[in-house]
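Novice: The structure is given below, and queries will be raised subsequently.
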Amino acid sequence: MIRKLLQKLPNPFGHPVRHRTTPAVIPASQHNLRRERISRHAVNVVERLQQAGYQAFVVGGCVRDLLLDFDPKDFDVATSATPEQVRATFRNARLIGRRFKLVHVHFGREIIEVATFRAGHDEDNGDEQSRQSDSGRLLRDNVYGTLEQDAQRRDFTINALYYNVSTGHIHDFANGLHDIRNRQVRLIGNPVQRYQEDPVRMLRAVRFAAKLNFDIEPHSAAPIIELADLLHDIPAARLFDEVLKLLMSGQGEKTFALLLKYDLFAPLFPDTDEAIQANPDYTLKLVHQALRNTDQRIAQDRPVTPAFLYAALLWPALPPRIKALEARGIPSIPAHQQAAQELLAEQCRHTTVPKRFTIPLREIWDLQPRLERRSGRRADQMLEHPRFRAAYDFLLLRESAGEQTDGLGDWWTRYQDASEDKRRQMVRELADKPTAKRQRSRRKRKPRSPQANP
């Protein structure tokens with residue numbers, strides 16, 4: 001009922017893009033995409049499907065990236081064959097998905113994803129292959145159609161380009177080449193309806209804009225802020241995967257700025273968003289620096305882990321929780337542990353973080369106060385801890401955002417490179433240095449009141 005009412009309302013964000021029922025066919029002489037740059041396995045899949053009598057094209061992001069002279073990470077194929085027909089054509093194929101049935105054709109480590117042409121949705125046809133929620137979100141999308149219908153139901157014009165490996169022609173139904181030349185991310189169809197069908201498209205618009213250095217076309221951008229809360233209806237596990245694509249693909253810092261611009265960050269990280277409102281200078285510095293470091297490591301082909309990035313993104317929300325627990329009389333260390341557990345549990349309601357990442361994340365956090373305790377053999381024991389390097393890097397990140405640690409990061413930097421004798425000297429100097437805590441313990445005691453005579 002809600003969806004019916006929404007569809008009857010006028011669209012305040014402009015008219016949907018008109019699409020051709022027949023594509024513009026761009027011959028090989030008029031574009032720069034060459035078959036030699038396409039995975040030989042993708043070419044093999046397309047040719048075998050064509051030989052079996054089906055339509056088949058290389059499609060989507062790989063075509064877009066090749067036209068922009070990027071190296072695609074993977075190659076997708078669209079075909080008129082049903083998933084069962086594709087599986088029957090390839091012995092090395094596996095049928096996956098329920099909401100959106102696909103076929104993965106395996107060639108060693110490379111997987112070619114094959115999707116059947118999809119059509120639009122008729123809510124009154126009673127077809128169990130198609131279901132939508134009251135808000136318009138697609139719950140099942142297995143209505144098969146023609147090439148023309150498939151092009152019209154794709155998300156963005158720049159992803160609705162079909163390359164025929166046999167002829168070298170590109171079939172363009174939605175003026176995708178025009179938008180590539182004008183560096184625009186444009187949604188196909190009515191923006192409100194398309195975002196309601198799948199709110200993750202708002203995140204994809206931001207991701208493509210950051211990755212390709214494009215602008216989001218004004219009509220496509222206009223409804224995002226008002227519809228951002230629709231992300232709360234998306235399964236948390238799916239949003240975790242989307243966060244990795246957004247923030248760990250080499251353009252995390254730019255993507256973060258766009259998420260803030262369109263109010264899309266709060267549904268993903270509500271506690272961090274509150275920290276931004278409460279302490280913007282510190283929180284924004286820390287998050288920007290963490291994302292900048294991640295982008296640099298990716299550019300240098302160095303490993304990155306969601307555990308460290310999530311530790312940084314959530315850290316600004318942790319101290320207020322710790323202080324609130326301490327104010328209730330809970331000692332510091334138990335307060336730290338309880339606050340961390342509660343914060344992660346809350347975050348997992350929005351983006352489910354797998355245990356393989358929450359465990360090292362907690363260790364990075366738990367080691368922060370331990371880095372301050374360096375007396376006796378504690379410093380050497382800390383160096384031997386498997387998470388020391390991550391904890392040390394995290395300490396430097398905190399300091400770069402403006403946290404005052406009394407030179408703790410510099411001390412650990414020097415300690416790692418020092419000789420054995422120098423390390424012992426550094427520890428002894430700590431023992432001789434009066435700290436605020438020790439100074440408080442040396443305050444003069446009040447004289448005892450004289451006892452009454454028995």
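To be explicit about the labels: the chains of the structure tokens are called A, B, and onward in the order shown, and within each one the residues are counted from 1, while ligands get numbers from 1 in the order they are shown.
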Give me, as a ChimeraX atom specification, the residues of region 29-207 of chain A that a backbone DSSP run labels alpha helix (DSSP H).
Specialist: /A:40-51,61-67,83-89,147-152,176-181,191-197,200-207
Novice: Create the file for the chosen residues now, containing N, CA and C atoms and written as a compact mmCIF listing (two decimals), in the first residue's frame.
Specialist:
```
# COMPACT_ATOMS: atom_id res chain seq x y z
N ARG A 40 40.28 -13.58 -21.09
CA ARG A 40 40.03 -14.65 -22.09
C ARG A 40 38.93 -15.59 -21.60
N HIS A 41 38.78 -15.71 -20.29
CA HIS A 41 37.73 -16.57 -19.76
C HIS A 41 36.36 -15.94 -19.99
N ALA A 42 36.26 -14.62 -19.84
CA ALA A 42 34.99 -13.95 -20.13
C ALA A 42 34.65 -14.07 -21.61
N VAL A 43 35.66 -13.90 -22.45
CA VAL A 43 35.43 -14.06 -23.89
C VAL A 43 34.96 -15.48 -24.20
N ASN A 44 35.57 -16.46 -23.53
CA ASN A 44 35.19 -17.86 -23.73
C ASN A 44 33.73 -18.10 -23.34
N VAL A 45 33.32 -17.53 -22.21
CA VAL A 45 31.94 -17.71 -21.75
C VAL A 45 30.96 -17.10 -22.75
N VAL A 46 31.24 -15.87 -23.20
CA VAL A 46 30.35 -15.21 -24.15
C VAL A 46 30.26 -16.01 -25.44
N GLU A 47 31.38 -16.44 -25.97
CA GLU A 47 31.37 -17.15 -27.25
C GLU A 47 30.64 -18.49 -27.14
N ARG A 48 30.83 -19.20 -26.06
CA ARG A 48 30.15 -20.49 -25.91
C ARG A 48 28.65 -20.32 -25.78
N LEU A 49 28.22 -19.28 -25.08
CA LEU A 49 26.79 -19.02 -24.97
C LEU A 49 26.20 -18.62 -26.32
N GLN A 50 26.95 -17.81 -27.08
CA GLN A 50 26.48 -17.44 -28.41
C GLN A 50 26.41 -18.65 -29.33
N GLN A 51 27.40 -19.53 -29.25
CA GLN A 51 27.39 -20.74 -30.06
C GLN A 51 26.24 -21.67 -29.70
N GLY A 61 30.40 -2.77 -15.21
CA GLY A 61 31.55 -2.00 -14.75
C GLY A 61 32.83 -2.27 -15.51
N CYS A 62 33.03 -3.50 -15.99
CA CYS A 62 34.26 -3.80 -16.73
C CYS A 62 34.30 -3.04 -18.05
N VAL A 63 33.14 -2.90 -18.72
CA VAL A 63 33.08 -2.13 -19.96
C VAL A 63 33.36 -0.66 -19.65
N ARG A 64 32.72 -0.15 -18.62
CA ARG A 64 32.95 1.24 -18.20
C ARG A 64 34.41 1.50 -17.89
N ASP A 65 35.03 0.62 -17.11
CA ASP A 65 36.42 0.83 -16.70
C ASP A 65 37.36 0.77 -17.90
N LEU A 66 37.13 -0.15 -18.81
CA LEU A 66 38.00 -0.25 -19.98
C LEU A 66 37.89 0.99 -20.86
N LEU A 67 36.69 1.54 -20.98
CA LEU A 67 36.53 2.78 -21.74
C LEU A 67 37.27 3.94 -21.08
N PRO A 83 19.55 -19.09 -15.68
CA PRO A 83 20.63 -19.66 -14.86
C PRO A 83 20.78 -21.17 -15.05
N GLU A 84 19.68 -21.86 -15.16
CA GLU A 84 19.75 -23.32 -15.34
C GLU A 84 20.37 -23.66 -16.69
N GLN A 85 20.06 -22.87 -17.73
CA GLN A 85 20.64 -23.12 -19.06
C GLN A 85 22.14 -22.81 -19.07
N VAL A 86 22.54 -21.76 -18.32
CA VAL A 86 23.97 -21.46 -18.23
C VAL A 86 24.70 -22.60 -17.53
N ARG A 87 24.13 -23.07 -16.44
CA ARG A 87 24.78 -24.17 -15.71
C ARG A 87 24.88 -25.42 -16.57
N ALA A 88 23.87 -25.66 -17.41
CA ALA A 88 23.92 -26.83 -18.29
C ALA A 88 24.97 -26.68 -19.37
N THR A 89 25.35 -25.42 -19.68
CA THR A 89 26.34 -25.17 -20.74
C THR A 89 27.77 -25.33 -20.23
N LEU A 147 16.98 -8.17 -23.71
CA LEU A 147 18.14 -7.29 -23.59
C LEU A 147 17.69 -5.86 -23.33
N GLU A 148 16.68 -5.39 -24.05
CA GLU A 148 16.20 -4.03 -23.90
C GLU A 148 15.67 -3.80 -22.49
N GLN A 149 14.91 -4.77 -21.96
CA GLN A 149 14.38 -4.65 -20.60
C GLN A 149 15.49 -4.68 -19.57
N ASP A 150 16.51 -5.49 -19.82
CA ASP A 150 17.63 -5.59 -18.89
C ASP A 150 18.37 -4.26 -18.78
N ALA A 151 18.53 -3.60 -19.91
CA ALA A 151 19.24 -2.32 -19.91
C ALA A 151 18.48 -1.27 -19.12
N GLN A 152 17.15 -1.28 -19.23
CA GLN A 152 16.35 -0.26 -18.57
C GLN A 152 16.27 -0.47 -17.06
N GLY A 176 24.95 5.98 -21.86
CA GLY A 176 26.04 5.78 -20.93
C GLY A 176 27.35 6.36 -21.41
N LEU A 177 27.62 6.23 -22.71
CA LEU A 177 28.86 6.80 -23.26
C LEU A 177 28.88 8.32 -23.10
N HIS A 178 27.74 8.93 -23.30
CA HIS A 178 27.64 10.38 -23.11
C HIS A 178 27.99 10.76 -21.68
N ASP A 179 27.46 10.00 -20.71
CA ASP A 179 27.74 10.32 -19.31
C ASP A 179 29.18 10.02 -18.93
N ILE A 180 29.78 9.00 -19.54
CA ILE A 180 31.20 8.75 -19.30
C ILE A 180 32.03 9.93 -19.80
N ARG A 181 31.71 10.43 -20.99
CA ARG A 181 32.45 11.56 -21.53
C ARG A 181 32.26 12.81 -20.67
N PRO A 191 14.60 8.49 -9.94
CA PRO A 191 15.54 8.30 -8.83
C PRO A 191 14.88 7.83 -7.53
N VAL A 192 13.74 8.40 -7.17
CA VAL A 192 13.10 8.01 -5.92
C VAL A 192 12.73 6.54 -5.96
N GLN A 193 12.09 6.12 -7.04
CA GLN A 193 11.66 4.73 -7.15
C GLN A 193 12.85 3.78 -7.16
N ARG A 194 13.92 4.15 -7.89
CA ARG A 194 15.07 3.26 -7.99
C ARG A 194 15.81 3.13 -6.67
N TYR A 195 15.89 4.22 -5.90
CA TYR A 195 16.50 4.13 -4.57
C TYR A 195 15.63 3.33 -3.60
N GLN A 196 14.31 3.46 -3.77
CA GLN A 196 13.42 2.67 -2.91
C GLN A 196 13.54 1.18 -3.22
N GLU A 197 13.72 0.84 -4.48
CA GLU A 197 13.89 -0.56 -4.86
C GLU A 197 15.11 -1.17 -4.20
N VAL A 200 20.80 0.63 -1.40
CA VAL A 200 22.25 0.53 -1.55
C VAL A 200 22.72 1.28 -2.79
N ARG A 201 21.80 1.54 -3.72
CA ARG A 201 22.18 2.31 -4.91
C ARG A 201 22.69 3.69 -4.54
N MET A 202 22.22 4.24 -3.42
CA MET A 202 22.74 5.53 -2.97
C MET A 202 24.22 5.42 -2.62
N LEU A 203 24.59 4.32 -1.98
CA LEU A 203 26.00 4.10 -1.65
C LEU A 203 26.81 3.85 -2.92
N ARG A 204 26.23 3.13 -3.86
CA ARG A 204 26.94 2.86 -5.12
C ARG A 204 27.17 4.15 -5.90
N ALA A 205 26.20 5.06 -5.87
CA ALA A 205 26.39 6.33 -6.56
C ALA A 205 27.58 7.09 -5.98
N VAL A 206 27.68 7.10 -4.66
CA VAL A 206 28.80 7.76 -4.00
C VAL A 206 30.11 7.05 -4.33
N ARG A 207 30.09 5.72 -4.30
CA ARG A 207 31.32 4.96 -4.57
C ARG A 207 31.84 5.21 -5.98
```
Novice: Within region 56-276 of chain A, find each residue whose DSSP state, derived from the backbone, is strand (DSSP E or B), and express the selection as a VMD selection string.
Specialist: chain A and resid 56 to 59 76 to 79 93 to 96 102 to 107 110 to 116 118 130 to 132 138 to 141 144 156 161 to 163 170 to 172 184 to 185 187 215 to 216
Novice: Would you mind exporting C-alpha atoms of the selected residues as a compact mmCIF listing (two decimals), in the first residue's frame?
Specialist:
```
# COMPACT_ATOMS: atom_id res chain seq x y z
CA ALA A 56 25.53 -12.85 -24.55
CA PHE A 57 27.56 -9.72 -23.83
CA VAL A 58 30.31 -8.51 -21.55
CA VAL A 59 28.52 -5.90 -19.50
CA ASP A 76 30.52 -9.86 -15.83
CA VAL A 77 28.42 -11.40 -18.58
CA ALA A 78 24.72 -10.82 -19.34
CA THR A 79 22.81 -13.37 -21.39
CA ALA A 93 29.40 -23.47 -13.19
CA ARG A 94 27.64 -22.99 -9.87
CA LEU A 95 24.19 -21.51 -9.32
CA ILE A 96 24.15 -18.96 -6.47
CA LEU A 102 23.33 -15.80 -10.75
CA VAL A 103 25.78 -18.30 -12.14
CA HIS A 104 29.48 -18.32 -11.29
CA VAL A 105 31.64 -19.98 -13.92
CA HIS A 106 34.95 -20.98 -12.33
CA PHE A 107 38.30 -20.87 -14.13
CA GLU A 110 38.98 -16.36 -11.69
CA ILE A 111 35.19 -16.33 -11.55
CA ILE A 112 33.06 -15.03 -14.40
CA GLU A 113 29.67 -13.93 -13.11
CA VAL A 114 26.81 -14.58 -15.52
CA ALA A 115 23.39 -12.94 -15.08
CA THR A 116 20.24 -13.57 -17.05
CA ARG A 118 16.04 -9.14 -16.13
CA SER A 130 9.35 -11.07 -7.94
CA ARG A 131 8.63 -9.54 -4.54
CA GLN A 132 8.90 -6.04 -3.12
CA LEU A 138 13.20 -5.52 -4.02
CA LEU A 139 13.07 -8.73 -2.00
CA ARG A 140 13.29 -11.05 -4.99
CA ASP A 141 14.39 -10.16 -8.51
CA TYR A 144 13.65 -12.64 -16.79
CA PHE A 156 23.34 3.65 -13.66
CA LEU A 161 26.84 -0.76 -21.70
CA TYR A 162 26.91 -4.14 -23.48
CA TYR A 163 30.01 -5.20 -25.42
CA ILE A 170 28.94 -1.52 -27.85
CA HIS A 171 25.16 -1.45 -27.34
CA ASP A 172 24.17 1.69 -25.43
CA GLN A 184 28.56 11.93 -14.56
CA VAL A 185 26.94 9.24 -12.44
CA LEU A 187 20.60 6.86 -12.29
CA ASP A 215 29.93 14.08 -10.26
CA ILE A 216 26.56 12.66 -9.28
```
Novice: Just the residues within 9 Å of region 336-352 of chain A, please, counting only C-alpha atoms, with nothing from its chain fewer than 5 positions along; format it as a PDB file with N, CA, C and O atoms, in the first residue's frame.
Specialist:
```pdb
ATOM      1  N   HIS A 232      18.522   1.781   6.785  1.00  0.00           N
ATOM      2  CA  HIS A 232      18.268   1.025   8.011  1.00  0.00           C
ATOM      3  C   HIS A 232      17.527  -0.283   7.717  1.00  0.00           C
ATOM      4  O   HIS A 232      17.528  -1.185   8.557  1.00  0.00           O
ATOM      5  N   ILE A 234      18.271  -2.291   5.229  1.00  0.00           N
ATOM      6  CA  ILE A 234      19.171  -3.209   4.527  1.00  0.00           C
ATOM      7  C   ILE A 234      19.831  -4.133   5.537  1.00  0.00           C
ATOM      8  O   ILE A 234      20.272  -3.692   6.607  1.00  0.00           O
ATOM      9  N   PRO A 235      19.935  -5.425   5.245  1.00  0.00           N
ATOM     10  CA  PRO A 235      20.611  -6.345   6.173  1.00  0.00           C
ATOM     11  C   PRO A 235      22.012  -5.863   6.523  1.00  0.00           C
ATOM     12  O   PRO A 235      22.773  -5.408   5.655  1.00  0.00           O
ATOM     13  N   ALA A 236      22.345  -5.962   7.816  1.00  0.00           N
ATOM     14  CA  ALA A 236      23.630  -5.441   8.302  1.00  0.00           C
ATOM     15  C   ALA A 236      24.815  -6.135   7.647  1.00  0.00           C
ATOM     16  O   ALA A 236      25.866  -5.518   7.444  1.00  0.00           O
ATOM     17  N   ALA A 237      24.681  -7.413   7.318  1.00  0.00           N
ATOM     18  CA  ALA A 237      25.789  -8.134   6.673  1.00  0.00           C
ATOM     19  C   ALA A 237      26.070  -7.563   5.291  1.00  0.00           C
ATOM     20  O   ALA A 237      27.233  -7.436   4.882  1.00  0.00           O
ATOM     21  N   ARG A 238      25.021  -7.216   4.566  1.00  0.00           N
ATOM     22  CA  ARG A 238      25.222  -6.630   3.238  1.00  0.00           C
ATOM     23  C   ARG A 238      25.873  -5.260   3.347  1.00  0.00           C
ATOM     24  O   ARG A 238      26.744  -4.908   2.539  1.00  0.00           O
ATOM     25  N   LEU A 239      25.489  -4.488   4.349  1.00  0.00           N
ATOM     26  CA  LEU A 239      26.082  -3.160   4.506  1.00  0.00           C
ATOM     27  C   LEU A 239      27.552  -3.242   4.886  1.00  0.00           C
ATOM     28  O   LEU A 239      28.337  -2.364   4.516  1.00  0.00           O
ATOM     29  N   PHE A 240      27.940  -4.285   5.628  1.00  0.00           N
ATOM     30  CA  PHE A 240      29.370  -4.440   5.927  1.00  0.00           C
ATOM     31  C   PHE A 240      30.157  -4.615   4.626  1.00  0.00           C
ATOM     32  O   PHE A 240      31.216  -3.996   4.440  1.00  0.00           O
ATOM     33  N   ASP A 241      29.655  -5.442   3.726  1.00  0.00           N
ATOM     34  CA  ASP A 241      30.325  -5.630   2.439  1.00  0.00           C
ATOM     35  C   ASP A 241      30.401  -4.318   1.667  1.00  0.00           C
ATOM     36  O   ASP A 241      31.420  -4.020   1.025  1.00  0.00           O
ATOM     37  N   VAL A 243      30.472  -1.301   2.980  1.00  0.00           N
ATOM     38  CA  VAL A 243      31.444  -0.422   3.642  1.00  0.00           C
ATOM     39  C   VAL A 243      32.857  -0.748   3.171  1.00  0.00           C
ATOM     40  O   VAL A 243      33.669   0.156   2.914  1.00  0.00           O
ATOM     41  N   PRO A 267      23.668   6.369   8.939  1.00  0.00           N
ATOM     42  CA  PRO A 267      23.057   5.034   8.992  1.00  0.00           C
ATOM     43  C   PRO A 267      24.076   3.904   9.088  1.00  0.00           C
ATOM     44  O   PRO A 267      23.749   2.825   9.574  1.00  0.00           O
ATOM     45  N   LEU A 268      25.296   4.151   8.649  1.00  0.00           N
ATOM     46  CA  LEU A 268      26.333   3.117   8.684  1.00  0.00           C
ATOM     47  C   LEU A 268      27.080   3.118  10.011  1.00  0.00           C
ATOM     48  O   LEU A 268      27.391   2.055  10.560  1.00  0.00           O
ATOM     49  N   PHE A 269      27.382   4.295  10.543  1.00  0.00           N
ATOM     50  CA  PHE A 269      28.164   4.438  11.776  1.00  0.00           C
ATOM     51  C   PHE A 269      27.502   5.490  12.674  1.00  0.00           C
ATOM     52  O   PHE A 269      28.017   6.604  12.827  1.00  0.00           O
ATOM     53  N   PRO A 270      26.368   5.157  13.281  1.00  0.00           N
ATOM     54  CA  PRO A 270      25.639   6.168  14.058  1.00  0.00           C
ATOM     55  C   PRO A 270      26.419   6.691  15.260  1.00  0.00           C
ATOM     56  O   PRO A 270      26.340   7.885  15.578  1.00  0.00           O
ATOM     57  N   ASP A 271      27.175   5.821  15.948  1.00  0.00           N
ATOM     58  CA  ASP A 271      27.920   6.285  17.124  1.00  0.00           C
ATOM     59  C   ASP A 271      29.058   7.217  16.721  1.00  0.00           C
ATOM     60  O   ASP A 271      29.335   8.205  17.405  1.00  0.00           O
ATOM     61  N   LEU A 314      35.514   3.730  14.932  1.00  0.00           N
ATOM     62  CA  LEU A 314      34.678   3.659  16.126  1.00  0.00           C
ATOM     63  C   LEU A 314      35.350   4.238  17.369  1.00  0.00           C
ATOM     64  O   LEU A 314      34.665   4.515  18.359  1.00  0.00           O
ATOM     65  N   ALA A 317      34.009   7.190  19.528  1.00  0.00           N
ATOM     66  CA  ALA A 317      32.790   6.953  20.297  1.00  0.00           C
ATOM     67  C   ALA A 317      33.050   6.170  21.573  1.00  0.00           C
ATOM     68  O   ALA A 317      32.151   6.043  22.407  1.00  0.00           O
ATOM     69  N   LEU A 318      34.270   5.663  21.756  1.00  0.00           N
ATOM     70  CA  LEU A 318      34.564   4.806  22.905  1.00  0.00           C
ATOM     71  C   LEU A 318      34.802   5.582  24.204  1.00  0.00           C
ATOM     72  O   LEU A 318      34.223   5.221  25.244  1.00  0.00           O
ATOM     73  N   PRO A 319      35.643   6.618  24.244  1.00  0.00           N
ATOM     74  CA  PRO A 319      35.918   7.308  25.518  1.00  0.00           C
ATOM     75  C   PRO A 319      34.679   7.822  26.241  1.00  0.00           C
ATOM     76  O   PRO A 319      34.607   7.691  27.477  1.00  0.00           O
ATOM     77  N   PRO A 320      33.685   8.397  25.560  1.00  0.00           N
ATOM     78  CA  PRO A 320      32.498   8.832  26.318  1.00  0.00           C
ATOM     79  C   PRO A 320      31.786   7.675  27.012  1.00  0.00           C
ATOM     80  O   PRO A 320      31.276   7.839  28.135  1.00  0.00           O
ATOM     81  N   ARG A 321      31.773   6.519  26.390  1.00  0.00           N
ATOM     82  CA  ARG A 321      31.152   5.352  27.025  1.00  0.00           C
ATOM     83  C   ARG A 321      31.957   4.915  28.248  1.00  0.00           C
ATOM     84  O   ARG A 321      31.388   4.530  29.275  1.00  0.00           O
ATOM     85  N   ILE A 322      33.287   4.950  28.124  1.00  0.00           N
ATOM     86  CA  ILE A 322      34.135   4.566  29.249  1.00  0.00           C
ATOM     87  C   ILE A 322      33.912   5.516  30.426  1.00  0.00           C
ATOM     88  O   ILE A 322      33.745   5.086  31.584  1.00  0.00           O
ATOM     89  N   LYS A 323      33.884   6.817  30.151  1.00  0.00           N
ATOM     90  CA  LYS A 323      33.686   7.802  31.216  1.00  0.00           C
ATOM     91  C   LYS A 323      32.339   7.620  31.899  1.00  0.00           C
ATOM     92  O   LYS A 323      32.230   7.759  33.125  1.00  0.00           O
ATOM     93  N   LEU A 325      30.689   4.846  32.266  1.00  0.00           N
ATOM     94  CA  LEU A 325      30.748   3.665  33.134  1.00  0.00           C
ATOM     95  C   LEU A 325      31.580   3.939  34.383  1.00  0.00           C
ATOM     96  O   LEU A 325      31.244   3.498  35.485  1.00  0.00           O
ATOM     97  N   GLU A 326      32.679   4.679  34.222  1.00  0.00           N
ATOM     98  CA  GLU A 326      33.507   5.023  35.384  1.00  0.00           C
ATOM     99  C   GLU A 326      32.741   5.916  36.356  1.00  0.00           C
ATOM    100  O   GLU A 326      32.912   5.809  37.573  1.00  0.00           O
ATOM    101  N   PRO A 331      35.557   0.301  37.753  1.00  0.00           N
ATOM    102  CA  PRO A 331      36.983   0.584  37.578  1.00  0.00           C
ATOM    103  C   PRO A 331      37.364   0.748  36.109  1.00  0.00           C
ATOM    104  O   PRO A 331      36.648   0.287  35.209  1.00  0.00           O
ATOM    105  N   THR A 358      36.507  -8.518  14.599  1.00  0.00           N
ATOM    106  CA  THR A 358      36.263  -7.912  15.908  1.00  0.00           C
ATOM    107  C   THR A 358      37.309  -8.329  16.930  1.00  0.00           C
ATOM    108  O   THR A 358      37.641  -7.549  17.826  1.00  0.00           O
ATOM    109  N   ARG A 362      39.385  -5.557  18.975  1.00  0.00           N
ATOM    110  CA  ARG A 362      39.385  -5.440  20.432  1.00  0.00           C
ATOM    111  C   ARG A 362      40.801  -5.457  20.990  1.00  0.00           C
ATOM    112  O   ARG A 362      41.107  -4.734  21.951  1.00  0.00           O
ATOM    113  N   TRP A 365      42.375  -2.047  20.627  1.00  0.00           N
ATOM    114  CA  TRP A 365      41.857  -1.141  21.648  1.00  0.00           C
ATOM    115  C   TRP A 365      42.402  -1.482  23.030  1.00  0.00           C
ATOM    116  O   TRP A 365      42.818  -0.595  23.772  1.00  0.00           O
ATOM    117  N   ASP A 366      42.387  -2.765  23.394  1.00  0.00           N
ATOM    118  CA  ASP A 366      42.811  -3.174  24.737  1.00  0.00           C
ATOM    119  C   ASP A 366      44.282  -2.871  24.993  1.00  0.00           C
ATOM    120  O   ASP A 366      44.687  -2.659  26.148  1.00  0.00           O
TER     121      ASP A 366
END
```
Novice: Using only C-alpha atoms, determine which residues lie at most 12 Å from Gln296 (chain A), disregarding the query and same-chain residues fewer than 3 positions distant; provide the list as a ChimeraX atom specification.
Specialist: /A:248-253,289-293,299-304
Novice: Please list as a list of chain:residue names every residue within 7 Å of Tyr262 (chain A), counting only C-alpha atoms and excluding residues in the same chain fewer than 3 positions away.
Specialist: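 Contacts, with the query itself left out: A:Ile224, A:Ile225, A:Leu258, A:Leu259.
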Novice: How far is it from CA of Pro23 (chain A) to CA of Arg154 (chain A), in Å with one decimal?
Specialist: 14.2 Å
Novice: Under the rule that only C-alpha atoms are counted, which of A:Phe100, A:Ser220, A:Glu429, A:Pro369 is the nearest residue to Thr157 (chain A)?
Specialist: A:Ser220
